[in-house]
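Visitor: Contents of work.txt (compact mmCIF, C-alpha atoms):
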```
# COMPACT_ATOMS: atom_id res chain seq x y z
CA MET A 1 -59.44 25.68 -10.00
CA GLY A 2 -56.52 26.85 -12.14
CA ALA A 3 -57.57 30.46 -11.90
CA SER A 4 -57.92 30.39 -8.13
CA PHE A 5 -54.49 28.69 -7.89
CA ASN A 6 -52.97 31.46 -9.99
CA THR A 7 -54.65 34.09 -7.84
CA ALA A 8 -53.31 32.43 -4.71
CA LEU A 9 -49.80 32.30 -6.24
CA GLU A 10 -50.01 35.97 -7.22
CA SER A 11 -51.00 37.02 -3.72
CA LEU A 12 -48.23 34.79 -2.31
CA ARG A 13 -45.73 36.64 -4.51
CA THR A 14 -46.66 39.94 -2.93
CA THR A 15 -45.86 38.72 0.59
CA ARG A 16 -42.74 39.92 2.31
CA VAL A 17 -41.45 36.37 2.98
CA TRP A 18 -41.67 35.38 -0.68
CA LYS A 19 -39.95 38.57 -1.76
CA SER A 20 -37.16 37.99 0.72
CA ILE A 21 -36.47 34.57 -0.84
CA PHE A 22 -37.07 35.33 -4.56
CA ARG A 23 -35.88 38.87 -4.90
CA ARG A 24 -36.16 39.01 -8.69
CA GLY A 25 -39.92 38.97 -9.03
CA PRO A 26 -41.85 36.68 -11.37
CA ALA A 27 -39.86 35.19 -14.27
CA ILE A 28 -41.96 36.61 -17.07
CA THR A 29 -39.37 38.33 -19.24
CA ASN A 30 -36.06 36.95 -20.60
CA ARG A 31 -34.25 39.29 -18.24
CA THR A 32 -36.06 38.16 -15.09
CA ARG A 33 -35.78 34.50 -16.19
CA SER A 34 -32.01 34.92 -16.51
CA LEU A 35 -31.84 36.67 -13.15
CA ALA A 36 -33.82 33.82 -11.56
CA VAL A 37 -31.13 31.36 -12.71
CA PHE A 38 -28.18 33.61 -11.81
CA GLY A 39 -29.57 34.39 -8.35
CA ASN A 40 -30.13 30.78 -7.30
CA LEU A 41 -27.30 28.80 -5.74
CA PHE A 42 -28.58 25.51 -7.14
CA LEU A 43 -29.21 26.83 -10.65
CA HIS A 44 -26.44 29.35 -11.12
CA TRP A 45 -24.02 26.89 -12.70
CA LEU A 46 -26.59 25.85 -15.27
CA PRO A 47 -26.70 27.76 -18.57
CA VAL A 48 -29.31 30.44 -18.98
CA LYS A 49 -29.63 29.46 -22.63
CA VAL A 50 -28.61 26.24 -24.37
CA ARG A 51 -28.46 25.22 -27.97
CA GLU A 52 -31.32 22.92 -28.80
CA LYS A 53 -29.06 20.31 -30.40
CA SER A 54 -27.03 19.99 -27.20
CA LEU A 55 -30.20 18.77 -25.48
CA ARG A 56 -30.77 15.93 -27.94
CA VAL A 57 -30.21 12.40 -26.68
CA GLN A 58 -27.54 11.87 -29.35
CA ALA A 59 -25.52 14.86 -28.12
CA ALA A 60 -24.09 12.93 -25.15
CA TYR A 61 -26.67 10.21 -24.38
CA TYR A 62 -27.05 12.05 -21.02
CA LEU A 63 -24.11 9.94 -19.80
CA GLY A 64 -22.72 12.65 -17.53
CA SER A 65 -26.15 13.48 -16.09
CA LEU A 66 -26.83 9.78 -15.53
CA SER A 67 -23.49 9.43 -13.73
CA LEU A 68 -24.49 12.35 -11.48
CA LEU A 69 -27.93 10.79 -10.90
CA LEU A 70 -26.26 7.51 -9.90
CA PHE A 71 -23.92 9.39 -7.57
CA ILE A 72 -26.94 10.97 -5.85
CA ILE A 73 -28.66 7.56 -5.60
CA LEU A 74 -25.47 6.10 -4.14
CA VAL A 75 -25.21 8.88 -1.55
CA VAL A 76 -28.84 8.41 -0.46
CA THR A 77 -28.74 4.59 -0.31
CA GLY A 78 -25.28 4.71 1.24
CA VAL A 79 -26.47 6.94 4.07
CA LEU A 80 -29.40 4.55 4.62
CA LEU A 81 -27.01 1.58 4.83
CA MET A 82 -24.90 3.44 7.39
CA PHE A 83 -27.80 3.28 9.85
CA TYR A 84 -27.32 -0.50 10.15
CA TYR A 85 -23.64 -1.07 9.35
CA HIS A 86 -20.83 -1.25 11.93
CA PRO A 87 -17.31 -1.15 10.47
CA THR A 88 -16.02 -3.72 12.98
CA THR A 89 -15.33 -7.46 12.83
CA PRO A 90 -17.26 -9.70 12.86
CA LYS A 91 -20.26 -7.29 12.92
CA ALA A 92 -19.61 -5.92 9.43
CA TYR A 93 -20.36 -9.26 7.76
CA ASN A 94 -23.36 -9.93 10.03
CA ASP A 95 -24.79 -6.46 9.37
CA MET A 96 -24.48 -7.05 5.64
CA LYS A 97 -26.36 -10.35 6.06
CA ASP A 98 -28.97 -8.62 8.26
CA LEU A 99 -29.50 -6.01 5.59
CA ARG A 100 -30.22 -8.79 3.14
CA PHE A 101 -32.41 -11.02 5.28
CA VAL A 102 -33.67 -9.17 8.37
CA VAL A 103 -34.03 -5.43 7.75
CA SER A 104 -37.27 -4.39 5.99
CA ASN A 105 -36.47 -3.48 2.39
CA GLY A 106 -32.80 -3.84 3.32
CA VAL A 107 -32.07 -6.08 0.36
CA PHE A 108 -33.58 -3.44 -1.95
CA VAL A 109 -31.48 -0.60 -0.55
CA ARG A 110 -28.32 -2.70 -0.46
CA ASN A 111 -28.77 -3.93 -4.02
CA MET A 112 -29.54 -0.42 -5.23
CA HIS A 113 -26.23 0.67 -3.72
CA ARG A 114 -24.37 -2.35 -5.07
CA VAL A 115 -25.82 -2.40 -8.60
CA GLY A 116 -25.73 1.41 -8.72
CA ALA A 117 -22.03 1.33 -7.91
CA HIS A 118 -21.33 -1.15 -10.71
CA LEU A 119 -23.41 0.93 -13.11
CA MET A 120 -21.66 4.12 -12.11
CA VAL A 121 -18.24 2.68 -12.95
CA LEU A 122 -19.67 1.52 -16.28
CA LEU A 123 -21.33 4.87 -17.05
CA VAL A 124 -18.34 6.98 -16.05
CA PHE A 125 -16.15 4.94 -18.40
CA TRP A 126 -18.77 5.16 -21.16
CA HIS A 127 -19.08 8.93 -20.60
CA MET A 128 -15.32 9.23 -20.85
CA PHE A 129 -15.06 7.17 -24.05
CA HIS A 130 -17.90 9.19 -25.58
CA VAL A 131 -16.22 12.50 -24.70
CA PHE A 132 -12.90 11.18 -26.01
CA TYR A 133 -14.23 10.03 -29.37
CA ARG A 134 -16.19 13.28 -29.77
CA GLY A 135 -12.96 15.20 -29.21
CA GLY A 136 -14.45 16.75 -26.08
CA TYR A 137 -11.00 16.92 -24.46
CA LYS A 138 -9.77 19.52 -26.99
CA PRO A 139 -9.48 23.24 -26.20
CA PRO A 140 -11.18 24.90 -24.41
CA HIS A 141 -12.15 21.71 -22.54
CA GLU A 142 -8.66 20.44 -21.54
CA PHE A 143 -9.00 21.45 -17.89
CA ASN A 144 -12.41 19.82 -17.54
CA TRP A 145 -11.05 16.65 -19.16
CA VAL A 146 -8.44 16.47 -16.39
CA VAL A 147 -11.13 17.10 -13.76
CA GLY A 148 -13.01 14.22 -15.40
CA ILE A 149 -9.98 11.96 -15.00
CA ILE A 150 -9.83 12.88 -11.29
CA LEU A 151 -13.54 12.00 -11.05
CA LEU A 152 -12.85 8.64 -12.73
CA LEU A 153 -10.11 7.90 -10.19
CA LEU A 154 -12.45 8.96 -7.35
CA THR A 155 -15.19 6.69 -8.73
CA LEU A 156 -12.78 3.76 -8.88
CA SER A 157 -11.46 4.51 -5.36
CA LEU A 158 -15.01 4.68 -4.00
CA SER A 159 -15.80 1.40 -5.73
CA TYR A 160 -12.68 -0.27 -4.36
CA THR A 161 -13.05 0.96 -0.77
CA GLY A 162 -16.72 -0.07 -0.80
CA TYR A 163 -15.76 -3.53 -2.00
CA LEU A 164 -14.12 -4.36 1.34
CA LEU A 165 -17.07 -3.35 3.52
CA PRO A 166 -19.20 -6.57 3.25
CA TRP A 167 -16.18 -8.29 4.85
CA ASP A 168 -16.75 -11.57 3.00
CA GLN A 169 -14.15 -13.80 1.35
CA LEU A 170 -14.40 -11.95 -1.96
CA ALA A 171 -13.84 -8.58 -0.25
CA PHE A 172 -10.96 -9.84 1.89
CA TRP A 173 -8.99 -11.43 -0.93
CA ALA A 174 -9.71 -8.66 -3.43
CA VAL A 175 -8.21 -6.14 -1.03
CA THR A 176 -5.32 -8.49 -0.13
CA VAL A 177 -4.47 -8.85 -3.82
CA GLY A 178 -5.06 -5.16 -4.62
CA THR A 179 -2.89 -3.84 -1.83
CA ASN A 180 -0.16 -6.35 -2.75
CA ILE A 181 -0.10 -4.66 -6.14
CA ILE A 182 0.64 -1.38 -4.28
CA SER A 183 3.58 -3.03 -2.52
CA ALA A 184 5.14 -3.81 -5.90
CA ALA A 185 5.85 -0.07 -6.28
CA PRO A 186 9.58 0.57 -5.85
CA VAL A 187 10.98 1.91 -2.54
CA ILE A 188 7.75 3.25 -1.01
CA GLY A 189 5.48 0.31 -1.99
CA ASN A 190 5.59 -1.62 1.29
CA GLU A 191 5.28 1.55 3.37
CA VAL A 192 2.24 2.77 1.41
CA ARG A 193 0.63 -0.65 1.81
CA PHE A 194 1.33 -0.63 5.56
CA VAL A 195 -0.32 2.78 5.98
CA ALA A 196 -3.24 1.89 3.68
CA LEU A 197 -3.95 -1.33 5.60
CA GLY A 198 -3.04 -0.01 9.04
CA GLY A 199 -0.91 -3.13 9.52
CA HIS A 200 0.78 -5.95 7.62
CA ILE A 201 -2.40 -7.83 6.78
CA VAL A 202 -6.01 -6.91 5.93
CA SER A 203 -7.52 -6.51 9.40
CA GLU A 204 -10.12 -4.57 11.36
CA ASN A 205 -7.84 -1.51 11.04
CA THR A 206 -8.14 -1.83 7.26
CA LEU A 207 -11.92 -2.12 7.45
CA LEU A 208 -12.17 1.09 9.48
CA ARG A 209 -9.75 2.97 7.23
CA PHE A 210 -11.57 1.94 4.07
CA TYR A 211 -14.91 2.79 5.73
CA VAL A 212 -13.84 6.35 6.61
CA LEU A 213 -12.42 6.82 3.12
CA HIS A 214 -15.60 5.41 1.58
CA VAL A 215 -18.19 7.39 3.56
CA VAL A 216 -16.41 10.69 4.31
CA ILE A 217 -13.23 11.58 2.48
CA LEU A 218 -13.83 10.29 -1.04
CA PRO A 219 -17.50 11.44 -1.26
CA LEU A 220 -16.51 14.95 -0.12
CA LEU A 221 -13.77 15.07 -2.77
CA ALA A 222 -16.24 13.75 -5.34
CA PHE A 223 -18.77 16.48 -4.40
CA LEU A 224 -16.07 19.12 -4.80
CA PHE A 225 -14.84 17.90 -8.17
CA ILE A 226 -18.37 17.26 -9.52
CA GLY A 227 -19.14 20.90 -8.67
CA VAL A 228 -16.06 22.11 -10.52
CA HIS A 229 -16.82 19.76 -13.43
CA LEU A 230 -20.42 20.97 -13.92
CA TRP A 231 -19.46 24.61 -13.52
CA ARG A 232 -16.65 24.28 -16.07
CA VAL A 233 -18.98 22.66 -18.63
CA GLN A 234 -20.83 25.99 -18.75
CA LYS A 235 -17.77 28.21 -18.54
CA ASP A 236 -16.16 26.32 -21.43
CA GLY A 237 -19.19 26.90 -23.63
CA GLY A 238 -21.46 23.92 -22.99
CA LEU A 239 -21.38 20.45 -24.48
CA THR A 240 -19.16 19.65 -27.40
CA VAL A 241 -21.62 19.37 -30.25
CA GLY A 242 -20.01 18.35 -33.52
CA SER A 243 -21.16 19.52 -36.95
CA LYS A 244 -22.33 15.93 -37.50
CA ASP A 245 -25.15 16.62 -35.07
CA ASP A 246 -26.68 19.31 -37.26
CA ASP A 247 -28.73 16.88 -39.25
CA GLY A 248 -29.74 15.12 -36.04
CA MET B 1 23.60 64.30 0.33
CA SER B 2 26.09 65.63 -2.11
CA ASP B 3 27.24 62.04 -2.74
CA ASP B 4 23.72 61.03 -3.72
CA LYS B 5 23.53 63.88 -6.13
CA ALA B 6 26.91 62.97 -7.52
CA ASN B 7 25.92 59.34 -8.20
CA PRO B 8 22.11 58.94 -8.25
CA ALA B 9 22.22 55.65 -10.18
CA GLN B 10 24.25 53.95 -7.46
CA ALA B 11 21.94 55.24 -4.70
CA ASN B 12 18.95 53.94 -6.61
CA ALA B 13 20.52 50.48 -6.94
CA GLU B 14 21.21 50.39 -3.20
CA ALA B 15 17.61 51.30 -2.44
CA LYS B 16 16.42 48.45 -4.63
CA ARG B 17 18.68 45.94 -2.86
CA GLU B 18 17.21 46.94 0.47
CA VAL B 19 14.43 44.58 1.63
CA SER B 20 11.28 46.45 2.54
CA ARG B 21 9.49 45.70 5.80
CA ARG B 22 6.51 44.29 3.85
CA ASP B 23 8.70 41.92 1.80
CA PHE B 24 10.53 40.77 4.89
CA LEU B 25 7.31 40.00 6.77
CA ASN B 26 5.79 38.28 3.72
CA GLU B 27 8.81 36.05 3.26
CA ILE B 28 9.13 35.14 6.91
CA THR B 29 5.39 34.38 7.15
CA LEU B 30 5.44 32.21 4.03
CA GLY B 31 8.55 30.46 5.31
CA ALA B 32 6.91 29.75 8.67
CA LEU B 33 3.75 28.48 6.98
CA GLY B 34 5.86 26.27 4.72
CA VAL B 35 7.71 24.74 7.68
CA ALA B 36 4.42 24.26 9.54
CA GLY B 37 2.86 22.68 6.44
CA LEU B 38 5.72 20.21 6.00
CA GLY B 39 5.55 19.40 9.70
CA GLY B 40 1.81 18.85 9.38
CA VAL B 41 2.33 16.40 6.52
CA ALA B 42 4.98 14.54 8.53
CA LEU B 43 2.79 14.41 11.66
CA THR B 44 -0.22 13.19 9.66
CA TYR B 45 1.87 10.48 8.04
CA GLN B 46 3.11 9.36 11.47
CA PHE B 47 -0.45 9.45 12.80
CA PHE B 48 -1.56 7.04 10.06
CA SER B 49 1.28 4.60 10.69
CA PRO B 50 0.17 2.44 13.66
CA ASN B 51 2.67 1.73 16.44
CA VAL B 52 0.81 -1.11 18.15
CA LEU B 53 -0.68 -3.92 16.11
CA PHE B 54 -2.83 -6.80 17.29
CA GLU B 55 -1.35 -9.21 14.81
CA LEU B 56 0.09 -12.66 15.54
CA PRO B 57 3.66 -12.64 16.94
CA THR B 58 6.25 -13.15 14.22
CA THR B 59 8.20 -15.63 16.35
CA PHE B 60 6.25 -18.65 17.49
CA ARG B 61 6.60 -22.24 18.64
CA ALA B 62 5.49 -24.98 16.29
CA GLY B 63 5.50 -27.81 18.86
CA ASN B 64 7.59 -30.92 19.30
CA PRO B 65 9.45 -32.21 16.21
CA ASP B 66 7.86 -35.63 16.73
CA LEU B 67 4.51 -34.13 15.70
CA TYR B 68 5.74 -34.03 12.11
CA PRO B 69 6.38 -37.38 10.36
CA VAL B 70 9.36 -37.69 7.99
CA ASN B 71 8.51 -36.66 4.41
CA SER B 72 5.48 -34.59 5.38
CA VAL B 73 4.19 -31.07 4.64
CA THR B 74 2.04 -29.57 7.42
CA PHE B 75 0.06 -26.35 6.96
CA LEU B 76 -0.18 -24.14 10.05
CA GLN B 77 -3.30 -22.10 9.34
CA ASP B 78 -2.87 -19.34 11.93
CA GLN B 79 0.71 -18.56 10.99
CA GLN B 80 0.23 -19.30 7.28
CA ILE B 81 3.36 -21.38 6.84
CA TYR B 82 4.25 -24.97 5.95
CA ILE B 83 6.46 -27.02 8.24
CA VAL B 84 8.22 -29.44 5.89
CA ARG B 85 10.10 -32.45 7.25
CA THR B 86 12.32 -34.44 4.91
CA ALA B 87 14.87 -37.14 5.69
CA ALA B 88 17.46 -34.32 5.92
CA GLY B 89 15.50 -32.31 8.51
CA PHE B 90 13.07 -29.42 8.93
CA TYR B 91 12.38 -26.21 7.10
CA ALA B 92 9.58 -23.63 7.25
CA VAL B 93 8.13 -22.29 3.97
CA SER B 94 5.78 -19.34 3.70
CA ALA B 95 2.23 -20.20 2.59
CA VAL B 96 1.57 -16.62 1.40
CA CYS B 97 1.94 -16.58 -2.36
CA THR B 98 4.77 -14.30 -3.53
CA HIS B 99 2.59 -13.17 -6.43
CA LEU B 100 -0.22 -11.18 -4.76
CA GLY B 101 -0.53 -12.53 -1.23
CA CYS B 102 -3.21 -15.24 -1.44
CA ILE B 103 -2.85 -18.32 0.79
CA THR B 104 -1.54 -21.32 -1.13
CA GLN B 105 -2.66 -24.92 -0.60
CA TRP B 106 -0.61 -28.08 -0.25
CA LYS B 107 -1.71 -30.67 -2.83
CA PRO B 108 -0.22 -34.00 -1.65
CA GLU B 109 -1.58 -35.93 -4.67
CA ALA B 110 0.37 -33.67 -7.05
CA ASN B 111 3.27 -33.09 -4.60
CA MET B 112 3.03 -29.33 -5.07
CA ILE B 113 1.91 -26.12 -3.39
CA ALA B 114 -0.71 -24.38 -5.51
CA CYS B 115 -2.27 -20.90 -5.29
CA PRO B 116 -6.05 -20.72 -5.84
CA CYS B 117 -6.06 -17.07 -6.94
CA HIS B 118 -3.94 -16.98 -10.08
CA GLY B 119 -2.60 -20.53 -10.43
CA SER B 120 1.03 -20.25 -9.35
CA LYS B 121 2.61 -23.62 -8.50
CA PHE B 122 5.55 -24.38 -6.23
CA GLN B 123 7.51 -27.40 -5.10
CA PRO B 124 7.26 -28.27 -1.39
CA ASN B 125 10.65 -26.52 -0.92
CA GLY B 126 9.15 -23.29 -2.28
CA LYS B 127 10.80 -23.41 -5.73
CA LYS B 128 8.57 -22.08 -8.47
CA ILE B 129 7.17 -24.62 -10.93
CA GLU B 130 4.90 -22.22 -12.79
CA GLY B 131 3.97 -18.48 -12.68
CA PRO B 132 2.56 -15.89 -12.53
CA ALA B 133 4.56 -15.64 -9.28
CA ALA B 134 8.03 -14.28 -10.03
CA ARG B 135 9.83 -15.37 -6.87
CA PRO B 136 10.07 -18.64 -4.91
CA GLN B 137 8.31 -18.97 -1.56
CA PRO B 138 10.70 -17.75 1.17
CA HIS B 139 12.07 -20.00 3.93
CA TYR B 140 11.88 -18.72 7.51
CA ALA B 141 14.47 -19.33 10.21
CA ILE B 142 13.60 -22.47 12.20
CA ASN B 143 15.40 -23.57 15.37
CA LEU B 144 15.06 -25.82 18.37
CA THR B 145 14.37 -24.18 21.72
CA ALA B 146 16.18 -25.29 24.90
CA ASP B 147 13.24 -27.52 25.81
CA GLY B 148 13.25 -29.21 22.40
CA GLU B 149 10.43 -27.47 20.55
CA LEU B 150 10.52 -26.03 17.03
CA GLU B 151 10.60 -22.24 16.89
CA VAL B 152 10.01 -20.23 13.69
CA ASP B 153 11.04 -16.59 13.21
CA LYS B 154 9.08 -15.07 10.33
CA LEU B 155 11.17 -11.89 10.28
CA GLN B 156 14.28 -13.87 9.39
CA ILE B 157 14.38 -15.21 5.85
CA ILE B 158 17.04 -17.86 5.27
CA LYS B 159 18.48 -19.60 2.21
CA ALA B 160 16.39 -22.44 0.80
CA ASP B 161 19.18 -25.02 1.28
CA GLN B 162 19.43 -24.46 5.04
CA VAL B 163 17.79 -27.34 6.89
CA LEU B 164 17.33 -27.87 10.62
CA LYS B 165 18.70 -31.33 11.49
CA VAL B 166 17.02 -32.89 14.51
```
Translate the structure of the given file into C-alpha cells.

Guide:
Amino acid sequence: MGASFNTALESLRTTRVWKSIFRRGPAITNRTRSLAVFGNLFLHWLPVKVREKSLRVQAAYYLGSLSLLLFIILVVTGVLLMFYYHPTTPKAYNDMKDLRFVVSNGVFVRNMHRVGAHLMVLLVFWHMFHVFYRGGYKPPHEFNWVVGIILLLLTLSLSYTGYLLPWDQLAFWAVTVGTNIISAAPVIGNEVRFVALGGHIVSENTLLRFYVLHVVILPLLAFLFIGVHLWRVQKDGGLTVGSKDDDG
Amino acid sequence: MSDDKANPAQANAEAKREVSRRDFLNEITLGALGVAGLGGVALTYQFFSPNVLFELPTTFRAGNPDLYPVNSVTFLQDQQIYIVRTAAGFYAVSAVCTHLGCITQWKPEANMIACPCHGSKFQPNGKKIEGPAARPQPHYAINLTADGELEVDKLQIIKADQVLKV
C-alpha cells in the first residue's frame, strides 16, 4: 500500500502540472527543502531553520500562535454569522435570538465567536505581558513591539464594535457609556462622538457603522498588521529565547 | 563667455540656484497630490458627518400644565427629561446622567434622581448629591405656548434657578 502510494506520488511529480506548481522538485536535500519554503507564499515568512529551544512550550507558551488561531476561528465563525445577521433595528436583536434558538447549530457558532472573542482579548494581553517580562520589546524587536501594540488596539476595537451588534440592553448602554468617554476629550470630543455614532445618540446609524468597522475595516487592518508582525518575527531573528531557557 | 571664464565660481552658483525641469515637475506633482490628499480627508470627514438625522425633535410640547400636580416629578421617557412642578412653578431637568449618559431614575421614596449605571445621585432640581458625576443635571428652557401648553427646548440650557411661573 505504502509502496504503491509512493510510486503514484513519484509519477505525479513528473507530470507537467505538478512541476508548474512546485518548481523546486522534491524536498530531499537541505537546499531543496529551503527552496520549498522560500518559494511558497504561505510558508515564505516562516523560518527555514529554528532553534529547538524556541519551539519548546516554555519559550512563549504558543501565546502568539494561539492568538492567531483564535483570529482565524473568529473570522470563520464571524463570516458564518453574517449569513443570518442584518445590521438593522429591530432585526439585529431578533437575528441574534434566532441564531441562539432557531438556526441549526447557531448557538454553537455564535458562542464560539463570543467566547473566542473574549479569549482572544485575554490571550493577546497574556502574550503581551509574556513578551514584556521576557524583554522581547528590546532591540532588535522594538518595531515589532509597536506593531504588537497596534494589534492590541485592533483586537480591543474589534471586541468593542462587536459588542454592539447583538443590540441588547448591555450592548446599547456599553456603547452609550463608551462613546460618552470619547466626548470627554477636549475640543474634538463631541465631534468625534457624533461621527462615531452617526448622530447624537446610539441609533441604527451607529449599528451600521460599528458593523462595517467590525466586519470589513478592522479585520482587513488586522490581517495586514498580523502579516507584518509574523514576517518581522523572522526578520528580527525569531523568538526571544533567554539564557534561562537553556536548561529547559 | 568671457565673463564665465572670468568668474566660474559665480556661474556655478547661479546654475545651482536654477530649478531643473525634473525638480519643478516633482514639486508641483507632490504639491498637487498633497492638496488632493487634504481635500480627500476633508471630504471623507464630511461624508461621515450625517446631515439628516431621524432623531426626536429637540423642541417639543409637554402638554397642558394641569397634567402635572404641584410638587411632582414626571419622567418623559421619549424625551428623557423630568418635568418638575414645585409651588414656585415649572422646570425641565435632563434625565441623561452627566457622568456617562445613562438614563437616571426618579426615586420618590428617597426624593432623589439616581443613575443605575455608576450610582450618581441628584436632587430633583438636578443638583449633585453624590458622584461620580462631576456636573449637575442641566435645566432646559421651558415656556408656555400661545395656546397654553408647556414647550421645552432641549438646545437651550438655562440657569437652575429659573422657574416658569404658571

Visitor: Using only C-alpha atoms, determine which residues lie at most 9 Å from Gln79 of chain B, disregarding the query and same-chain residues fewer than 4 positions distant; provide the list as a compact mmCIF listing (two decimals) with C-alpha atoms, in the frame of the given file.

Guide:
```txt
# COMPACT_ATOMS: atom_id res chain seq x y z
CA LEU B 56 0.09 -12.66 15.54
CA PRO B 57 3.66 -12.64 16.94
CA THR B 58 6.25 -13.15 14.22
CA PHE B 60 6.25 -18.65 17.49
CA PHE B 75 0.06 -26.35 6.96
CA SER B 94 5.78 -19.34 3.70
CA ALA B 95 2.23 -20.20 2.59
```

Visitor: One number please: atom CA of Val146 of chain A to atom CA of Tyr133 of chain A, in Å, one decimal.

Guide: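 Between atom CA of Val146 of chain A and atom CA of Tyr133 of chain A the gap works out to 15.6 Å.
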
Visitor: Output as a VMD selection string the set of chain A residues within 8 Å of chain B, with distances taken over all atoms listed in the file.

Guide: chain A and resid 173 176 to 178 180 to 181 194 to 195 198 to 199

Visitor: Would you kindly return, as JSON, numbers by chain, each protein, DNA or RNA residue with an atom no farther than 9 Å from any atom of segment 32-38 of chain A, considering all atoms listed in the file and excluding same-chain residues fewer than 4 positions away?

Guide: {"A": [22, 23, 24, 25, 26, 27, 28, 42, 43, 44, 45, 46, 47, 48, 49]}

Visitor: Rounded to one decimal place, report the atom CA of Gly131 of chain B-atom CA of Ile158 of chain B distance in Å.

Guide: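 Straight-line distance from atom CA of Gly131 of chain B to atom CA of Ile158 of chain B works out to 22.2 Å.
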
Visitor: Could you work out how far atom CA of Ser20 of chain A lies from atom CA of Thr7 of chain A, giving the answer in Å with one decimal?

Guide: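 Separation between atom CA of Thr7 of chain A and atom CA of Ser20 of chain A: 19.9 Å.
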
Visitor: Go through B:Phe90, B:Ala134, B:Val35, B:Gln77 and flag the residue nearest Thr104 of chain B, using all atoms listed in the file for the distances.

Guide: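 When distances to Thr104 of chain B are compared using all atoms listed in the file, the smallest one comes from B:Gln77.
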
Visitor: Extract, using all atoms listed in the file, all DNA, RNA and protein residues at most 8 Å from segment 203-210 of chain A, discarding same-chain residues fewer than 6 positions from it, and format them as a list in words.

Guide: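 The neighbour list is Pro87, Thr88, Thr89, Thr161, Gly162, Leu164, Leu165, Trp167, Ala196 and Leu197 of chain A.
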
Visitor: Write out as a PyMOL selection string each polymer residue whose atoms come within 8 Å of segment 98-112 of chain A, counting all atoms listed in the file; drop sequence neighbours fewer than 5 positions from it.

Guide: chain A and resi 74+77+80-81+84

Visitor: Of the residues A:Asn40, A:Thr179, A:Ser159, A:Arg13, which is the one nearest to Ile201 of chain A, using all atoms listed in the file?

Guide: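 Closest to Ile201 of chain A, using all atoms listed in the file: A:Thr179.
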
Visitor: Nearest to Ala62 of chain B: which of B:Gly31, B:Gly37, B:Lys128, B:Ala92 is it, counting all atoms listed in the file?

Guide: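 Under the stated criterion, the closest residue is B:Ala92.
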
Visitor: Please define a box with edges along x, y and z of the file around all atoms of segment 130-149 of chain B given in the file, extend it by 6 Å on each side, and return its centre and edge lengths in Å to one decimal, as lines of an AutoDock Vina configuration file.

Guide:
```
center_x = 9.4
center_y = -21.7
center_z = 6.5
size_x = 25.6
size_y = 26.9
size_z = 50.6
```

Visitor: Please identify all polymer residues within 12 Å of Val163 of chain B, counting all atoms listed in the file, omitting same-chain residues fewer than 3 positions from it, and present them as an NGL selection string.

Guide: :B and (83-93 or 125 or 139-144 or 158-160 or 166)

Visitor: When distances are computed from only C-alpha atoms, which of A:Tyr93, A:Phe5, A:Tyr211, A:Phe71 shows the smallest separation from Leu119 of chain A?

Guide: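 When distances to Leu119 of chain A are compared using only C-alpha atoms, the smallest one comes from A:Phe71.
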
Visitor: Pick out the closest residue to Phe225 of chain A from this set: A:Phe129, A:Phe83, A:Phe172, A:Trp145. Count all atoms listed in the file.

Guide: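 Checking each of A:Phe129, A:Phe83, A:Phe172, A:Trp145 against Phe225 of chain A, counting all atoms listed in the file, the winner is A:Trp145.
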